[in-house]
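Beneath this line is the structure, given in structure tokens, with notes to follow.
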Amino acid sequence: MAKSGINRILSIFCCFLIGISLFYGCGTPGQLTGGPKDTKPPKVLKMEPKDLSTNFTAKKIVIQFDEYFKINNQQKEFSISPELERQPELKVKKKFLEINFMDSLEKNTTYTLNFGKSIGDINEGNVIKNFTYVFSTGPTLDSLSCLLYTSDAADER
């Protein structure tokens, strides 16, 4: 009888020790740091149709990023040139940006979508600066540059 009582006390004591060691030994107390701070803006992985496309006929553009992002100050930062009567609709869907055209596009015209500083990651707000998307509804892209002649250049001709 004494032997079974000692065994019982030893088993209770062992369970107690195991319980205490699991409680105190299962983790190191301390503040979680969350890793290094994110300093990079979202990166474009894919554009459909591709940037600098010609003979563009799509009704929407889909741009995929490598991380979750948000659109900031859309009214101030986003513009399209030449202007449309109705601005395109920008929709964020997880890591994708959908740009839906509400108006029909002019033929043989090069369009530039300027996002300024409107696209930034969700957590740190790191923005892609001066992000643009260019396409043409015609067979070529307009260079958007002007050739200026001065009176000296005209005299040399």
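Here's how to read the names in the structure tokens: chain A, B, ... by the order shown, residue numbers from 1 in each chain, ligand numbers from 1 in the order shown.
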At most 10 Å is the cut-off: for each residue in region 20-103 of chain A with any atom that close to an atom of region 128-137 of chain A, write down the nearest atom pair and the distance in Å rounded to one decimal, counting only C-alpha atoms, chain first then increasing number, as a tab-separated table.
```
residue	atom	partner	partner_atom	distance
A:Lys40	CA	A:Ile128	CA	8.8
A:Pro41	CA	A:Ile128	CA	5.6
A:Pro42	CA	A:Ile128	CA	6.8
A:Lys43	CA	A:Ile128	CA	8.1
A:Val44	CA	A:Ile128	CA	9.7
A:Met47	CA	A:Tyr133	CA	9.2
A:Pro49	CA	A:Phe135	CA	8.9
A:Lys50	CA	A:Phe135	CA	8.4
A:Asp51	CA	A:Tyr133	CA	5.6
A:Leu52	CA	A:Phe135	CA	4.8
A:Ser53	CA	A:Phe135	CA	4.8
A:Thr54	CA	A:Ser136	CA	4.7
A:Asn55	CA	A:Thr137	CA	4.6
A:Phe56	CA	A:Thr137	CA	4.5
A:Thr57	CA	A:Thr137	CA	6.6
A:Ala58	CA	A:Thr137	CA	9.5
A:Ile61	CA	A:Tyr133	CA	9.6
A:Ile63	CA	A:Tyr133	CA	9.7
A:Glu77	CA	A:Asn130	CA	9.4
A:Phe78	CA	A:Thr132	CA	9.6
A:Ser79	CA	A:Thr132	CA	9.7
A:Ile80	CA	A:Tyr133	CA	9.5
A:Ser81	CA	A:Val134	CA	9.6
```
Give the strand (DSSP E) residues of region 48-83 of chain A, as DSSP finds them on the backbone, and put them as a ChimeraX atom specification. /A:48,60-65,69-71,79-81
Dump as a short mmCIF file (atom, residue, chain, number, x, y, z; two decimals), in the first residue's frame, selection limited to C-alpha atoms:
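Just written: selection26.cif:
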```cif
data_model
loop_
_atom_site.label_atom_id
_atom_site.label_comp_id
_atom_site.auth_asym_id
_atom_site.auth_seq_id
_atom_site.Cartn_x
_atom_site.Cartn_y
_atom_site.Cartn_z
CA GLU A 48 -2.75 43.51 -69.37
CA LYS A 60 -10.19 47.89 -69.14
CA ILE A 61 -6.57 47.63 -68.05
CA VAL A 62 -5.44 45.27 -65.26
CA ILE A 63 -2.16 45.90 -63.44
CA GLN A 64 -0.84 43.31 -60.97
CA PHE A 65 1.45 44.33 -58.08
CA PHE A 69 -1.74 48.55 -52.14
CA LYS A 70 -4.17 51.44 -51.94
CA ILE A 71 -5.06 54.45 -54.07
CA SER A 79 -4.93 62.12 -64.64
CA ILE A 80 -5.34 60.96 -68.21
CA SER A 81 -4.11 62.83 -71.25
#
```
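Across the structure, CA of Pro88 (chain A) and CA of Asp103 (chain A) are spaced 7.8 Å apart.
If only C-alpha atoms are the atoms counted, then among A:Leu97, A:Tyr68, A:Ile6, A:Lys46 the closest residue to Gly125 (chain A) is A:Tyr68.
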Would you list, as JSON, numbers by chain, the residues of chain A that end up in helix (DSSP H, G or I) under DSSP run on this structure's backbone? {"A": [2, 3, 4, 5, 6, 7, 8, 9, 10, 11, 12, 13, 14, 15, 16, 17, 18, 19, 20, 21, 22, 23, 24, 25, 74, 75, 76, 77, 151, 152, 153, 154, 155, 156]}
Export, as a CSV table (one decimal), in the first residue's frame, the selected residues with C-alpha atoms.
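Produced file part-v6.csv, reproduced below:
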```csv
chain,number,residue,atom,x,y,z
A,2,ALA,CA,2.8,2.4,0.8
A,3,LYS,CA,4.4,1.6,-2.5
A,4,SER,CA,1.3,2.5,-4.5
A,5,GLY,CA,1.0,5.7,-2.5
A,6,ILE,CA,4.6,6.7,-3.3
A,7,ASN,CA,4.1,5.9,-7.0
A,8,ARG,CA,1.0,8.0,-7.0
A,9,ILE,CA,2.7,11.0,-5.4
A,10,LEU,CA,5.7,10.6,-7.8
A,11,SER,CA,3.4,10.5,-10.9
A,12,ILE,CA,1.5,13.7,-9.6
A,13,PHE,CA,4.9,15.4,-9.0
A,14,CYS,CA,6.2,14.4,-12.5
A,15,CYS,CA,3.0,15.8,-14.1
A,16,PHE,CA,3.4,19.0,-12.1
A,17,LEU,CA,7.0,19.4,-13.2
A,18,ILE,CA,6.1,18.7,-16.8
A,19,GLY,CA,3.3,21.2,-16.6
A,20,ILE,CA,5.5,23.9,-15.0
A,21,SER,CA,8.3,23.4,-17.6
A,22,LEU,CA,5.8,23.6,-20.5
A,23,PHE,CA,4.3,26.8,-19.1
A,24,TYR,CA,7.6,28.6,-18.5
A,25,GLY,CA,9.8,27.0,-21.3
A,74,GLN,CA,-7.1,59.9,-56.7
A,75,GLN,CA,-8.8,63.2,-57.7
A,76,LYS,CA,-5.5,65.1,-57.2
A,77,GLU,CA,-2.9,62.6,-58.3
A,151,SER,CA,15.4,82.1,-86.0
A,152,ASP,CA,19.1,81.0,-86.1
A,153,ALA,CA,18.1,77.5,-87.1
A,154,ALA,CA,15.8,78.9,-89.8
A,155,ASP,CA,18.7,81.1,-91.2
A,156,GLU,CA,20.9,78.1,-91.5
```
Atom-to-atom span, CA of Leu105 (chain A) and CA of Lys91 (chain A), Å: 19.4 Å
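Here CA of Thr140 (chain A) and CA of Leu90 (chain A) stand 25.8 Å from one another.
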